[in-house]
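For reference, structure-v7.cif is printed below; it contains mmCIF, C-alpha atoms.
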```cif
data_coords
#
loop_
_atom_site.label_atom_id
_atom_site.label_comp_id
_atom_site.auth_asym_id
_atom_site.auth_seq_id
_atom_site.Cartn_x
_atom_site.Cartn_y
_atom_site.Cartn_z
CA MET Q 1 186.34 221.50 165.36
CA ARG Q 2 183.14 219.53 164.73
CA VAL Q 3 181.57 219.44 161.25
CA GLY Q 4 178.52 221.40 162.44
CA GLY Q 5 180.78 224.03 163.98
CA ARG Q 6 182.75 224.27 160.76
CA ALA Q 7 179.58 224.81 158.74
CA ALA Q 8 178.52 227.60 161.10
CA LEU Q 9 181.97 229.17 160.78
CA VAL Q 10 181.75 229.04 156.95
CA LEU Q 11 178.35 230.75 157.02
CA ALA Q 12 179.51 233.39 159.48
CA LEU Q 13 182.60 234.23 157.44
CA ALA Q 14 180.76 234.35 154.11
CA LEU Q 15 177.97 236.54 155.47
CA GLY Q 16 180.46 238.64 157.42
CA ALA Q 17 182.38 239.34 154.21
CA CYS Q 18 179.20 240.57 152.58
CA ARG Q 19 178.08 242.68 155.53
CA SER Q 20 181.47 244.21 156.20
CA ARG Q 21 181.35 246.02 152.87
CA THR Q 22 177.87 247.50 153.26
CA ALA Q 23 176.94 250.91 154.58
CA ASP Q 24 173.99 249.53 156.54
CA SER Q 25 175.77 246.78 158.43
CA ALA Q 26 173.32 247.14 161.29
CA ALA Q 27 170.44 245.94 159.09
CA THR Q 28 168.71 242.85 160.34
CA ASP Q 29 169.56 239.46 158.95
CA ALA Q 30 167.36 238.21 156.13
CA GLY Q 31 167.00 234.83 157.84
CA ALA Q 32 166.20 231.57 156.12
CA LEU Q 33 164.96 231.72 152.57
CA PRO Q 34 161.52 230.35 151.72
CA SER Q 35 162.65 228.93 148.34
CA SER Q 36 165.82 228.25 146.36
CA THR Q 37 165.19 231.15 143.98
CA VAL Q 38 164.66 233.98 146.48
CA THR Q 39 167.68 236.13 147.26
CA GLY Q 40 168.64 239.42 148.79
CA ALA Q 41 169.17 242.53 146.65
CA GLY Q 42 166.81 241.27 143.91
CA LEU Q 43 169.41 238.90 142.45
CA PRO Q 44 168.41 235.55 141.01
CA GLY Q 45 169.07 232.44 143.10
CA CYS Q 46 171.77 229.78 142.99
CA GLU Q 47 169.99 227.81 140.26
CA VAL Q 48 170.39 230.80 137.90
CA LEU Q 49 173.77 232.13 139.04
CA LEU Q 50 175.34 228.66 139.12
CA PRO Q 51 173.55 226.55 136.50
CA ALA Q 52 173.63 222.76 136.87
CA ASP Q 53 176.27 222.29 134.15
CA ALA Q 54 178.66 224.72 135.88
CA ARG Q 55 178.00 223.11 139.28
CA ASP Q 56 178.64 219.62 137.91
CA LEU Q 57 181.98 220.71 136.47
CA MET Q 58 183.27 222.65 139.47
CA LEU Q 59 181.92 220.47 142.29
CA PRO Q 60 181.02 216.97 141.11
CA GLY Q 61 179.57 214.87 143.90
CA PHE Q 62 178.41 217.86 145.96
CA THR Q 63 174.85 218.69 146.96
CA MET Q 64 173.69 222.31 146.93
CA THR Q 65 171.37 224.26 149.17
CA GLU Q 66 170.58 227.95 149.24
CA GLU Q 67 170.72 228.71 152.92
CA ARG Q 68 170.62 232.46 153.56
CA ALA Q 69 171.06 235.89 152.05
CA CYS Q 70 171.93 239.20 153.63
CA PRO Q 71 169.94 242.37 152.90
CA THR Q 72 172.40 243.70 150.31
CA CYS Q 73 174.03 240.63 148.82
CA GLY Q 74 172.92 237.78 146.64
CA PRO Q 75 172.36 234.17 147.58
CA LEU Q 76 174.60 232.02 149.73
CA CYS Q 77 175.00 228.77 147.84
CA ALA Q 78 176.23 226.07 150.22
CA PHE Q 79 177.73 222.83 148.92
CA ARG Q 80 178.45 219.61 150.80
CA SER Q 81 180.54 216.75 149.54
CA THR Q 82 178.63 213.47 149.45
CA SER Q 83 181.84 211.44 149.74
CA GLU Q 84 183.88 213.58 152.18
CA LYS Q 85 181.63 214.62 155.08
CA ASP Q 86 184.06 217.24 156.40
CA VAL Q 87 184.25 219.21 153.12
CA SER Q 88 181.90 222.13 152.52
CA VAL Q 89 181.99 225.09 150.17
CA SER Q 90 180.00 228.31 149.98
CA VAL Q 91 179.67 230.91 147.25
CA THR Q 92 178.01 234.28 147.78
CA TRP Q 93 177.61 237.45 145.69
CA ASP Q 94 177.58 241.13 146.58
CA CYS Q 95 176.63 243.24 143.56
CA ASN Q 96 177.11 246.95 143.99
CA PRO Q 97 177.65 249.61 141.29
CA ARG Q 98 180.47 251.18 143.32
CA TYR Q 99 182.67 248.12 142.60
CA ALA Q 100 182.76 249.00 138.88
CA GLN Q 101 184.50 252.34 139.59
CA ALA Q 102 186.44 251.38 142.70
CA ASP Q 103 190.21 251.34 142.66
CA VAL Q 104 191.48 247.75 142.59
CA HIS Q 105 194.04 248.47 145.28
CA ALA Q 106 191.35 249.92 147.54
CA LEU Q 107 189.29 246.74 147.12
CA LEU Q 108 192.22 244.49 148.01
CA ALA Q 109 193.74 246.58 150.81
CA PRO Q 110 191.66 245.41 153.81
CA THR Q 111 192.26 241.73 153.10
CA LEU Q 112 195.92 242.23 152.23
CA GLN Q 113 196.44 244.11 155.50
CA ALA Q 114 194.84 241.17 157.32
CA GLY Q 115 197.40 238.75 155.84
CA GLY Q 116 195.73 237.91 152.55
CA VAL Q 117 197.60 237.31 149.30
CA GLU Q 118 196.69 238.79 145.92
CA VAL Q 119 195.63 236.28 143.25
CA PRO Q 120 196.68 237.29 139.72
CA ALA Q 121 194.51 236.76 136.63
CA LEU Q 122 191.25 236.09 138.45
CA GLY Q 123 188.55 238.62 137.61
CA ARG Q 124 189.19 242.33 137.99
CA ALA Q 125 190.95 241.73 141.29
CA ALA Q 126 191.21 238.81 143.68
CA VAL Q 127 192.66 237.98 147.05
CA ARG Q 128 192.87 234.82 149.11
CA ARG Q 129 193.19 234.27 152.83
CA ALA Q 130 193.15 231.43 155.32
CA PRO Q 131 191.10 232.70 158.29
CA ALA Q 132 191.23 229.32 160.07
CA GLN Q 133 193.13 226.06 159.74
CA GLY Q 134 191.69 223.97 156.91
CA MET Q 135 189.82 226.93 155.42
CA LEU Q 136 190.53 229.00 152.34
CA GLN Q 137 188.52 232.05 151.36
CA VAL Q 138 188.81 233.67 147.92
CA MET Q 139 187.32 237.12 147.30
CA THR Q 140 187.17 238.33 143.72
CA TRP Q 141 185.60 241.17 141.79
CA ASP Q 142 184.09 240.39 138.40
CA ASP Q 143 185.28 242.03 135.16
CA ASP Q 144 181.95 242.27 133.33
CA THR Q 145 179.54 242.89 136.23
CA SER Q 146 179.58 245.01 139.37
CA CYS Q 147 179.71 241.93 141.60
CA ALA Q 148 182.12 240.66 144.19
CA LEU Q 149 182.15 236.93 144.91
CA VAL Q 150 183.31 235.19 148.05
CA VAL Q 151 184.15 231.48 147.91
CA THR Q 152 184.86 229.74 151.20
CA TRP Q 153 186.25 226.20 151.21
CA LEU Q 154 186.38 224.22 154.42
CA GLY Q 155 188.10 220.85 154.58
CA GLY Q 156 190.59 218.92 152.48
CA ASP Q 157 191.95 220.13 149.13
CA ALA Q 158 191.11 223.77 149.94
CA GLU Q 159 193.12 225.01 146.94
CA ARG Q 160 190.11 224.03 144.84
CA ALA Q 161 188.48 227.22 146.12
CA LEU Q 162 190.39 229.07 143.37
CA ASP Q 163 188.84 226.83 140.69
CA VAL Q 164 185.38 227.32 142.16
CA ALA Q 165 185.90 231.10 142.16
CA ARG Q 166 187.02 230.97 138.51
CA SER Q 167 183.95 228.92 137.51
CA ALA Q 168 181.56 231.10 139.50
CA LEU Q 169 183.02 234.23 137.88
CA GLY Q 170 182.52 232.69 134.44
CA ALA Q 171 178.88 231.92 135.25
CA THR Q 172 178.24 235.43 136.62
CA THR Q 173 177.20 237.30 133.51
CA PRO Q 174 175.09 240.40 132.93
CA ALA Q 175 172.43 238.13 131.38
CA ALA Q 176 172.30 235.89 134.47
CA LEU Q 177 172.01 238.92 136.77
CA ALA Q 178 169.20 240.32 134.64
CA THR Q 179 167.10 237.18 135.16
CA PRO Q 180 164.22 238.40 137.30
CA PRO Q 181 163.32 236.56 140.48
CA PRO Q 182 160.01 234.63 140.26
CA PRO Q 183 156.81 236.64 140.87
CA ASP Q 184 156.44 235.28 144.42
CA ALA Q 185 160.02 236.16 145.41
CA GLY Q 186 160.23 237.48 148.92
CA GLU Q 187 156.72 236.48 149.91
CA PRO Q 188 156.39 233.85 152.64
#
```

Show how you would write the structure in this file as C-alpha cells.
Amino acid sequence: MRVGGRAALVLALALGACRSRTADSAATDAGALPSSTVTGAGLPGCEVLLPADARDLMLPGFTMTEERACPTCGPLCAFRSTSEKDVSVSVTWDCNPRYAQADVHALLAPTLQAGGVEVPALGRAAVRRAPAQGMLQVMTWDDDTSCALVVTWLGGDAERALDVARSALGATTPAALATPPPPDAGEP
C-alpha cells in the first residue's frame, strides 16, 4: 500500500472509531479545520491536549498537524516521522459523559468480538486491534475524564502505539479539557 493510501486509511479508521460510537452517525463531516486550535465538540486542540513536552517525549522526531475533527469528537492529531517516511500516528478524542457510567465490559465488547485484545492497566479500560497489516489501533477510556482515546499507528514499531496511548491519557486531564477554545473557534 502506498504511503498516501496508508495515511487515508489511518484517518478513515480513526474517524470511523469516533463516529461508530455516536448516536448521530449520519451527521455531516466537519471537514478541514481552519486552525490548529479549533476542534469538534468544543474541546481544545492538539496543542492543549498534547502539550509540546508530552509530544517530544512520546514521539521525538515527528511533526504534528491537526487535520480533521468529527461533529462529536475532539481533534485528530496526526504525526509523521521525519526520519521514517512510512510511519504515521494519529490520536483522537471522543468525550462523552456516558463513558463515565458505562460498564467496562460493554465498552470493550465490540472490539473484542472483532478480534481485539484487552490491554490491562491502561486507563479505565483499553483494547488493541490490528485492522490491517502494519497497523495497530489502541482504544482506551480515561480514568479521570469522560473521554475515550484512539491511537492508530501505521508503519514500523507499531507496538509504540501503547506508549503513545499511555502518554496521551496522562496528558488528558480535567484541567486540559476545561481550557476554552479561542474566541474565534469555529469561525472561518

Using only C-alpha atoms, what table do you get, as a Markdown table, when you list each residue of segment 56-99 of chain Q with an atom no more than 7 Å from segment 141-147 of chain Q, its nearest pair of atoms, and their distance in Å rounded to one decimal, rows by chain then rising number?
```
| residue | atom | partner | partner_atom | distance |
| --- | --- | --- | --- | --- |
| Q:Trp93 | CA | Q:Cys147 | CA | 6.4 |
| Q:Asp94 | CA | Q:Cys147 | CA | 5.5 |
| Q:Cys95 | CA | Q:Cys147 | CA | 3.9 |
| Q:Asn96 | CA | Q:Ser146 | CA | 5.6 |
| Q:Pro97 | CA | Q:Ser146 | CA | 5.3 |
| Q:Tyr99 | CA | Q:Ser146 | CA | 5.4 |
```

The PyMOL selection byres ((chain Q and resi 119-123) around 7) applied to the shown file, residues as a PyMOL selection string: chain Q and resi 117-118+124-128+140-143+166

Reference answer for the PyMOL selection byres ((chain Q and resi 48-55) around 12), as a VMD selection string: chain Q and resid 36 to 39 43 to 47 56 to 66 74 to 79 89 to 93 147 149 163 to 182

Point-to-point distance in Å for atom CA of Leu136 of chain Q and atom CA of Arg160 of chain Q: 9.0 Å

Gap from atom CA of Thr111 of chain Q to atom CA of Glu84 of chain Q - Å, one decimal: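 A separation of 29.4 Å between them.
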
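For the set Q:Ala148, Q:Gln137, Q:Gly116, Q:Thr82, the residue with the smallest atom-to-atom gap to Arg98 of chain Q is Q:Ala148, counting all atoms listed in the file.
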